[in-house]
file query-v1.txt (compact mmCIF, C-alpha atoms and all ligand atoms)
# COMPACT_ATOMS: atom_id res chain seq x y z
CA MET A 1 -217.67 23.88 -36.31
CA ASN A 2 -216.24 25.25 -39.57
CA GLU A 3 -215.37 22.90 -42.41
CA PRO A 4 -211.62 22.20 -42.21
CA PHE A 5 -210.93 23.73 -45.63
CA ALA A 6 -212.06 26.76 -47.64
CA LYS A 7 -211.33 27.63 -51.25
CA LEU A 8 -209.68 31.05 -51.60
CA ASN A 9 -209.57 33.34 -54.57
CA TYR A 10 -205.76 33.73 -54.52
CA HIS A 11 -203.48 32.89 -57.41
CA LEU A 12 -199.76 32.48 -57.68
CA ALA A 13 -197.71 31.79 -60.81
CA ASP A 14 -194.03 31.43 -61.68
CA VAL A 15 -192.85 30.35 -58.26
CA HIS A 16 -189.78 28.10 -57.91
CA LEU A 17 -190.94 24.52 -57.41
CA ASP A 18 -187.90 22.72 -58.81
CA ILE A 19 -186.98 20.74 -55.71
CA HIS A 20 -183.35 20.40 -56.81
CA SER A 21 -182.89 24.13 -56.33
CA LEU A 22 -184.58 24.27 -52.88
CA ALA A 23 -183.19 23.34 -49.46
CA SER A 24 -184.90 20.32 -47.95
CA ILE A 25 -186.26 20.76 -44.41
CA LYS A 26 -187.52 17.30 -43.59
CA GLU A 27 -188.89 13.97 -44.77
CA HIS A 28 -192.16 12.71 -43.35
CA ARG A 29 -191.70 9.02 -42.61
CA ARG A 30 -193.03 8.25 -39.15
CA LEU A 31 -196.64 7.13 -38.84
CA GLN A 32 -198.69 9.01 -36.27
CA ARG A 33 -201.43 7.19 -34.35
CA TYR A 34 -203.87 8.28 -37.06
CA GLY A 35 -201.68 6.69 -39.72
CA VAL A 36 -201.48 3.48 -37.69
CA ALA A 37 -205.29 3.48 -37.40
CA ALA A 38 -205.61 4.04 -41.17
CA MET A 39 -203.24 1.14 -41.95
CA ARG A 40 -205.44 -1.11 -39.77
CA GLN A 41 -208.73 0.17 -41.06
CA PHE A 42 -208.27 0.63 -44.82
CA ASP A 43 -207.33 -2.02 -47.40
CA ASP A 44 -204.40 -1.39 -49.71
CA TYR A 45 -203.24 1.69 -47.77
CA LYS A 46 -199.59 2.09 -48.75
CA PRO A 47 -197.79 5.06 -47.20
CA ILE A 48 -195.71 7.34 -49.41
CA VAL A 49 -192.95 9.66 -48.18
CA ALA A 50 -193.34 13.41 -48.67
CA THR A 51 -190.51 15.92 -48.41
CA THR A 52 -190.72 19.52 -47.26
CA TYR A 53 -188.47 22.19 -48.77
CA LYS A 54 -187.92 25.82 -47.91
CA GLY A 55 -189.53 28.12 -50.47
CA LEU A 56 -187.59 31.06 -51.90
CA GLU A 57 -187.83 34.43 -50.16
CA GLU A 58 -188.76 36.24 -53.41
CA ASP A 59 -191.70 33.85 -53.87
CA ARG A 60 -192.72 34.27 -50.24
CA GLN A 61 -192.86 38.04 -50.74
CA LYS A 62 -195.03 37.56 -53.86
CA ALA A 63 -197.49 35.45 -51.87
CA LEU A 64 -197.53 37.71 -48.80
CA LYS A 65 -198.53 40.70 -50.94
CA GLN A 66 -201.93 39.07 -51.44
CA LEU A 67 -202.71 38.76 -47.73
CA PRO A 68 -204.60 41.42 -45.76
CA GLN A 69 -202.42 43.71 -43.63
CA GLU A 70 -204.29 42.67 -40.47
CA VAL A 71 -203.09 39.09 -41.01
CA LEU A 72 -199.48 40.15 -41.63
CA LYS A 73 -199.54 42.27 -38.46
CA LEU A 74 -200.20 39.10 -36.47
CA GLU A 75 -197.90 36.77 -38.38
CA GLU A 76 -195.78 36.81 -41.53
CA PRO A 77 -195.89 33.14 -42.48
CA ASP A 78 -192.94 31.08 -43.67
CA VAL A 79 -193.27 29.27 -46.96
CA TRP A 80 -192.78 25.55 -47.31
CA VAL A 81 -192.85 23.62 -50.57
CA PHE A 82 -194.12 20.05 -50.37
CA CYS A 83 -193.37 17.44 -52.97
CA MET A 84 -195.44 14.27 -52.80
CA GLU A 85 -194.79 11.36 -55.07
CA GLY A 86 -195.29 7.64 -55.11
CA ASP A 87 -198.21 5.26 -55.35
CA GLY A 88 -200.31 5.31 -52.20
CA TYR A 89 -201.31 7.71 -49.45
CA LEU A 90 -199.67 10.46 -47.50
CA PRO A 91 -201.01 8.75 -44.37
CA VAL A 92 -203.51 10.37 -42.01
CA HIS A 93 -201.75 12.91 -39.77
CA VAL A 94 -201.96 16.32 -38.17
CA ASP A 95 -199.14 18.75 -38.99
CA PRO A 96 -196.98 18.89 -35.88
CA ASP A 97 -195.30 22.26 -36.50
CA ARG A 98 -198.15 24.56 -37.49
CA LEU A 99 -201.82 25.34 -36.93
CA CYS A 100 -203.06 26.03 -40.45
CA ALA A 101 -201.88 26.84 -43.95
CA ILE A 102 -202.75 28.65 -47.14
CA ASN A 103 -201.92 26.11 -49.86
CA PHE A 104 -201.32 26.82 -53.54
CA TYR A 105 -201.55 23.58 -55.53
CA PHE A 106 -199.47 22.67 -58.59
CA ASP A 107 -199.21 19.63 -60.88
CA CYS A 108 -202.36 17.98 -59.52
CA SER A 109 -203.81 14.78 -60.94
CA GLY A 110 -207.22 14.49 -59.28
CA GLU A 111 -205.91 13.58 -55.81
CA GLN A 112 -208.50 13.65 -53.05
CA THR A 113 -207.63 15.31 -49.73
CA ARG A 114 -209.72 13.85 -46.89
CA PHE A 115 -210.28 15.05 -43.32
CA PHE A 116 -211.15 12.67 -40.49
CA LYS A 117 -212.46 12.46 -37.01
CA HIS A 118 -210.76 9.81 -34.85
CA GLU A 119 -212.93 8.26 -32.16
CA ASP A 120 -212.55 4.96 -30.32
CA GLY A 121 -209.69 4.02 -32.65
CA GLN A 122 -211.87 4.48 -35.74
CA LEU A 123 -211.42 7.07 -38.45
CA SER A 124 -214.42 8.56 -40.22
CA VAL A 125 -214.33 11.08 -43.07
CA VAL A 126 -215.69 14.53 -42.17
CA GLY A 127 -214.85 16.35 -45.40
CA SER A 128 -212.84 16.21 -48.62
CA PHE A 129 -211.80 18.23 -51.64
CA VAL A 130 -209.97 17.73 -54.92
CA ALA A 131 -207.61 20.60 -55.73
CA GLU A 132 -206.75 21.45 -59.31
CA HIS A 133 -203.55 23.00 -60.62
CA GLY A 134 -203.59 26.69 -59.65
CA ASP A 135 -206.15 26.35 -56.85
CA CYS A 136 -205.67 27.88 -53.42
CA TYR A 137 -207.18 26.55 -50.18
CA LEU A 138 -207.10 27.57 -46.57
CA PHE A 139 -206.35 24.29 -44.77
CA ASN A 140 -206.88 23.31 -41.14
CA THR A 141 -203.72 21.25 -40.64
CA SER A 142 -204.76 20.53 -37.04
CA VAL A 143 -207.55 18.19 -38.22
CA PRO A 144 -206.33 14.67 -39.21
CA HIS A 145 -205.99 14.47 -43.00
CA ASP A 146 -204.56 12.35 -45.79
CA VAL A 147 -204.21 12.48 -49.59
CA ASN A 148 -203.92 9.78 -52.22
CA ILE A 149 -200.97 10.18 -54.56
CA LYS A 150 -201.04 8.82 -58.10
CA PRO A 151 -198.10 6.91 -59.58
CA ASN A 152 -195.67 8.93 -61.73
CA SER A 153 -197.48 12.18 -60.89
CA PRO A 154 -195.45 14.22 -58.40
CA ARG A 155 -197.64 16.92 -56.97
CA LYS A 156 -196.46 20.10 -55.29
CA ILE A 157 -197.85 22.54 -52.77
CA PHE A 158 -196.55 26.05 -52.10
CA SER A 159 -197.69 26.45 -48.53
CA LEU A 160 -197.88 29.54 -46.33
CA THR A 161 -197.37 28.16 -42.84
CA PHE A 162 -199.14 29.69 -39.83
CA LYS A 163 -197.75 28.76 -36.44
CA THR A 164 -199.59 31.24 -34.24
CA ILE A 165 -202.87 32.08 -36.00
CA ASP A 166 -205.42 29.28 -35.78
CA TYR A 167 -207.66 28.22 -38.66
CA ASP A 168 -210.93 29.71 -37.39
CA THR A 169 -209.29 33.09 -36.73
CA LEU A 170 -207.63 33.18 -40.14
CA LEU A 171 -210.83 32.09 -41.91
CA GLU A 172 -212.67 34.98 -40.25
CA MET A 173 -209.95 37.44 -41.30
CA LEU A 174 -209.98 36.27 -44.92
CA LYS A 175 -213.76 36.42 -45.36
FE FE B 201 -200.44 17.72 -43.55

call {"tool": "encode", "arguments": {"input": "query-v1.txt", "output": "C-alpha cells"}}
result
Amino acid sequence: MNEPFAKLNYHLADVHLDIHSLASIKEHRRLQRYGVAAMRQFDDYKPIVATTYKGLEEDRQKALKQLPQEVLKLEEPDVWVFCMEGDGYLPVHVDPDRLCAINFYFDCSGEQTRFFKHEDGQLSVVGSFVAEHGDCYLFNTSVPHDVNIKPNSPRKIFSLTFKTIDYDTLLEMLK
C-alpha cells in the first residue's frame, strides 16, 4: 500500500487566503468515530474547530495550470481554503466529501499531520509529516488523519479537492 501522503514539487504564491474575503462553506464540529476513539485513547486531546472556505476562481485557475492535462481531463478539482486555529487537535477523521487532495500549505508552525489505522477501537499511527510554509503535498484524505494546531498560529491550506479520482490513481499520474 502507498504511503498516504507524497511531497510534490508544486508551488503557489499570492493566492487569496484572507478568510474575511472568502465565502465560508462549512465548519467541522462533529466528531467522527475516529475522533471519539482519539478522545478516549490520547491524553489532553482537545478538539479545535476548522472552517472551510471557497477559494477564488482566479487562484483555482493558477493552480490548475500546474496539473498534467491527463488529470484535468478526468477532473477539474474545486479549491477549498481551510483555516485551522486554536490550541489542540483537528481530531482524527476522514474527509467525507472527497477522495484525495493536493494541499498547498501556508503560515505553518511545525504542526504534525498524522495518519492512522483504526482496528478494534484502537488507533495506531501509520505515517506523519510536518509541512512548511510553501510546501505542497498529495494527501489521501480517505485515510484517518489529524493535525495538532498551535495556539495563536492560524494555519491555512489551499486545497485542490478531488471527488472522483482516488489517491493511488492520482499519485500514479503525478509521478
Ligand atoms: Fe481532513

call {"tool": "residues_near_ligand", "arguments": {"input": "query-v1.txt", "ligand": "ligand FE 201 (chain B)", "cutoff": "9 Å", "atoms": "all atoms listed in the file", "output": "list in words"}}
result
Leu90, Val92, His93, Val94, Asp95, Pro96, Phe139, Asn140, Thr141, Ser142, Val143, Pro144, His145, Asp146 and Val147 of chain A

call {"tool": "closest_residue", "arguments": {"input": "query-v1.txt", "among": "A:Lys163, A:Glu76, A:Gln66, A:Thr113", "to": "Asn9 (chain A)", "atoms": "all atoms listed in the file"}}
result
A:Gln66

call {"tool": "residues_around", "arguments": {"input": "query-v1.txt", "residues": "region 48-54 of chain A", "least_positions_apart": "5", "cutoff": "6 Å", "atoms": "all atoms listed in the file", "output": "PDB file with C-alpha atoms, in the coordinates of the input"}}
result
ATOM      1  CA  ALA A  23    -183.190  23.340 -49.460  1.00  0.00           C
ATOM      2  CA  SER A  24    -184.900  20.320 -47.950  1.00  0.00           C
ATOM      3  CA  ILE A  25    -186.260  20.760 -44.410  1.00  0.00           C
ATOM      4  CA  LYS A  26    -187.520  17.300 -43.590  1.00  0.00           C
ATOM      5  CA  GLU A  27    -188.890  13.970 -44.770  1.00  0.00           C
ATOM      6  CA  HIS A  28    -192.160  12.710 -43.350  1.00  0.00           C
ATOM      7  CA  ARG A  29    -191.700   9.020 -42.610  1.00  0.00           C
ATOM      8  CA  TRP A  80    -192.780  25.550 -47.310  1.00  0.00           C
ATOM      9  CA  VAL A  81    -192.850  23.620 -50.570  1.00  0.00           C
ATOM     10  CA  PHE A  82    -194.120  20.050 -50.370  1.00  0.00           C
ATOM     11  CA  CYS A  83    -193.370  17.440 -52.970  1.00  0.00           C
ATOM     12  CA  MET A  84    -195.440  14.270 -52.800  1.00  0.00           C
ATOM     13  CA  GLY A  86    -195.290   7.640 -55.110  1.00  0.00           C
ATOM     14  CA  GLY A  88    -200.310   5.310 -52.200  1.00  0.00           C
ATOM     15  CA  TYR A  89    -201.310   7.710 -49.450  1.00  0.00           C
ATOM     16  CA  LEU A  90    -199.670  10.460 -47.500  1.00  0.00           C
TER      17      LEU A  90
END

call {"tool": "atom_distance", "arguments": {"input": "query-v1.txt", "atom1": "CA of Leu17 (chain A)", "atom2": "CA of Asn152 (chain A)"}}
result
16.9 Å

call {"tool": "atom_distance", "arguments": {"input": "query-v1.txt", "atom1": "CA of Glu3 (chain A)", "atom2": "CA of Ser153 (chain A)"}}
result
27.9 Å

call {"tool": "residues_around", "arguments": {"input": "query-v1.txt", "residues": "Gln112 (chain A)", "least_positions_apart": "4", "cutoff": "8 Å", "atoms": "only C-alpha atoms", "output": "list in words"}}
result
Ser128, Phe129, Val130, Ala131, Val147 and Asn148 of chain A

call {"tool": "residues_around", "arguments": {"input": "query-v1.txt", "residues": "Gly35 (chain A)", "least_positions_apart": "3", "cutoff": "7 Å", "atoms": "all atoms listed in the file", "output": "MDAnalysis selection string"}}
result
chainID A and resid 31:32 38:39 91:93

call {"tool": "closest_residue", "arguments": {"input": "query-v1.txt", "among": "A:Arg33, A:Lys156, A:Lys73, A:His20", "to": "Asn103 (chain A)", "atoms": "only C-alpha atoms"}}
result
A:Lys156

call {"tool": "decode", "arguments": {"input": "query-v1.txt", "residues": "region 16-108 of chain A", "atoms": "C-alpha atoms", "output": "PDB file, in the first residue's frame"}}
result
ATOM      1  CA  HIS A  16      -6.171  34.950  -1.541  1.00  0.00           C
ATOM      2  CA  LEU A  17      -6.171  33.443   1.932  1.00  0.00           C
ATOM      3  CA  ASP A  18      -7.800  36.310   3.824  1.00  0.00           C
ATOM      4  CA  ILE A  19     -10.794  34.423   5.176  1.00  0.00           C
ATOM      5  CA  HIS A  20     -12.843  37.609   5.552  1.00  0.00           C
ATOM      6  CA  SER A  21     -12.931  37.944   1.777  1.00  0.00           C
ATOM      7  CA  LEU A  22     -13.887  34.286   1.104  1.00  0.00           C
ATOM      8  CA  ALA A  23     -17.280  32.579   1.351  1.00  0.00           C
ATOM      9  CA  SER A  24     -17.440  30.009   4.128  1.00  0.00           C
ATOM     10  CA  ILE A  25     -18.656  26.537   3.129  1.00  0.00           C
ATOM     11  CA  LYS A  26     -18.762  24.733   6.441  1.00  0.00           C
ATOM     12  CA  GLU A  27     -17.476  24.350   9.984  1.00  0.00           C
ATOM     13  CA  HIS A  28     -16.150  20.999  11.107  1.00  0.00           C
ATOM     14  CA  ARG A  29     -17.522  20.374  14.586  1.00  0.00           C
ATOM     15  CA  ARG A  30     -18.888  16.842  14.792  1.00  0.00           C
ATOM     16  CA  LEU A  31     -16.565  14.109  15.993  1.00  0.00           C
ATOM     17  CA  GLN A  32     -16.420  11.031  13.781  1.00  0.00           C
ATOM     18  CA  ARG A  33     -15.897   7.605  15.353  1.00  0.00           C
ATOM     19  CA  TYR A  34     -12.154   8.100  14.867  1.00  0.00           C
ATOM     20  CA  GLY A  35     -12.302  11.364  16.806  1.00  0.00           C
ATOM     21  CA  VAL A  36     -14.247   9.662  19.594  1.00  0.00           C
ATOM     22  CA  ALA A  37     -11.590   6.913  19.709  1.00  0.00           C
ATOM     23  CA  ALA A  38      -8.824   9.551  19.842  1.00  0.00           C
ATOM     24  CA  MET A  39     -10.520  11.402  22.723  1.00  0.00           C
ATOM     25  CA  ARG A  40     -10.636   8.092  24.646  1.00  0.00           C
ATOM     26  CA  GLN A  41      -7.144   6.993  23.763  1.00  0.00           C
ATOM     27  CA  PHE A  42      -4.980  10.132  23.956  1.00  0.00           C
ATOM     28  CA  ASP A  43      -4.413  12.390  26.980  1.00  0.00           C
ATOM     29  CA  ASP A  44      -5.006  16.112  26.634  1.00  0.00           C
ATOM     30  CA  TYR A  45      -6.667  15.763  23.214  1.00  0.00           C
ATOM     31  CA  LYS A  46      -8.687  18.958  22.833  1.00  0.00           C
ATOM     32  CA  PRO A  47     -10.600  19.312  19.562  1.00  0.00           C
ATOM     33  CA  ILE A  48     -10.376  22.568  17.625  1.00  0.00           C
ATOM     34  CA  VAL A  49     -12.885  23.734  15.006  1.00  0.00           C
ATOM     35  CA  ALA A  50     -11.714  24.222  11.420  1.00  0.00           C
ATOM     36  CA  THR A  51     -13.613  26.170   8.780  1.00  0.00           C
ATOM     37  CA  THR A  52     -13.665  25.554   5.042  1.00  0.00           C
ATOM     38  CA  TYR A  53     -13.959  28.445   2.592  1.00  0.00           C
ATOM     39  CA  LYS A  54     -14.387  28.550  -1.152  1.00  0.00           C
ATOM     40  CA  GLY A  55     -11.176  29.615  -2.894  1.00  0.00           C
ATOM     41  CA  LEU A  56     -11.262  32.269  -5.612  1.00  0.00           C
ATOM     42  CA  GLU A  57     -11.699  31.168  -9.227  1.00  0.00           C
ATOM     43  CA  GLU A  58      -8.632  33.147 -10.394  1.00  0.00           C
ATOM     44  CA  ASP A  59      -6.491  31.283  -7.833  1.00  0.00           C
ATOM     45  CA  ARG A  60      -8.021  27.963  -8.845  1.00  0.00           C
ATOM     46  CA  GLN A  61      -7.030  28.629 -12.452  1.00  0.00           C
ATOM     47  CA  LYS A  62      -3.460  29.444 -11.333  1.00  0.00           C
ATOM     48  CA  ALA A  63      -3.230  26.126  -9.504  1.00  0.00           C
ATOM     49  CA  LEU A  64      -4.855  24.057 -12.265  1.00  0.00           C
ATOM     50  CA  LYS A  65      -2.271  25.294 -14.788  1.00  0.00           C
ATOM     51  CA  GLN A  66       0.347  23.236 -12.941  1.00  0.00           C
ATOM     52  CA  LEU A  67      -1.528  19.936 -13.266  1.00  0.00           C
ATOM     53  CA  PRO A  68      -0.991  17.492 -16.142  1.00  0.00           C
ATOM     54  CA  GLN A  69      -3.653  17.602 -18.867  1.00  0.00           C
ATOM     55  CA  GLU A  70      -4.466  13.920 -18.323  1.00  0.00           C
ATOM     56  CA  VAL A  71      -5.543  14.741 -14.758  1.00  0.00           C
ATOM     57  CA  LEU A  72      -7.678  17.708 -15.855  1.00  0.00           C
ATOM     58  CA  LYS A  73      -9.369  15.543 -18.494  1.00  0.00           C
ATOM     59  CA  LEU A  74     -10.645  13.303 -15.695  1.00  0.00           C
ATOM     60  CA  GLU A  75     -11.478  16.002 -13.173  1.00  0.00           C
ATOM     61  CA  GLU A  76     -11.013  19.744 -12.744  1.00  0.00           C
ATOM     62  CA  PRO A  77     -10.862  19.989  -8.966  1.00  0.00           C
ATOM     63  CA  ASP A  78     -12.599  22.618  -6.858  1.00  0.00           C
ATOM     64  CA  VAL A  79     -10.498  24.650  -4.479  1.00  0.00           C
ATOM     65  CA  TRP A  80     -11.193  24.849  -0.785  1.00  0.00           C
ATOM     66  CA  VAL A  81      -9.315  27.016   1.694  1.00  0.00           C
ATOM     67  CA  PHE A  82      -9.032  25.655   5.224  1.00  0.00           C
ATOM     68  CA  CYS A  83      -8.295  27.802   8.214  1.00  0.00           C
ATOM     69  CA  MET A  84      -7.339  25.970  11.398  1.00  0.00           C
ATOM     70  CA  GLU A  85      -6.787  27.791  14.628  1.00  0.00           C
ATOM     71  CA  GLY A  86      -6.951  27.099  18.321  1.00  0.00           C
ATOM     72  CA  ASP A  87      -4.970  25.085  20.829  1.00  0.00           C
ATOM     73  CA  GLY A  88      -5.432  21.369  20.310  1.00  0.00           C
ATOM     74  CA  TYR A  89      -6.116  18.919  17.508  1.00  0.00           C
ATOM     75  CA  LEU A  90      -8.192  18.846  14.392  1.00  0.00           C
ATOM     76  CA  PRO A  91      -9.474  15.465  15.575  1.00  0.00           C
ATOM     77  CA  VAL A  92      -8.894  12.227  13.671  1.00  0.00           C
ATOM     78  CA  HIS A  93     -11.284  11.996  10.702  1.00  0.00           C
ATOM     79  CA  VAL A  94     -11.653  11.022   7.075  1.00  0.00           C
ATOM     80  CA  ASP A  95     -12.857  13.762   4.709  1.00  0.00           C
ATOM     81  CA  PRO A  96     -16.468  12.908   3.922  1.00  0.00           C
ATOM     82  CA  ASP A  97     -16.809  14.829   0.645  1.00  0.00           C
ATOM     83  CA  ARG A  98     -13.698  13.911  -1.311  1.00  0.00           C
ATOM     84  CA  LEU A  99     -11.208  11.134  -2.017  1.00  0.00           C
ATOM     85  CA  CYS A 100      -7.895  12.993  -2.017  1.00  0.00           C
ATOM     86  CA  ALA A 101      -6.386  16.450  -2.253  1.00  0.00           C
ATOM     87  CA  ILE A 102      -3.394  18.425  -3.421  1.00  0.00           C
ATOM     88  CA  ASN A 103      -2.635  20.723  -0.482  1.00  0.00           C
ATOM     89  CA  PHE A 104      -0.584  23.915  -0.560  1.00  0.00           C
ATOM     90  CA  TYR A 105       0.391  24.908   2.997  1.00  0.00           C
ATOM     91  CA  PHE A 106       0.684  28.461   4.339  1.00  0.00           C
ATOM     92  CA  ASP A 107       1.523  30.013   7.725  1.00  0.00           C
ATOM     93  CA  CYS A 108       2.743  26.737   9.242  1.00  0.00           C
TER      94      CYS A 108
END
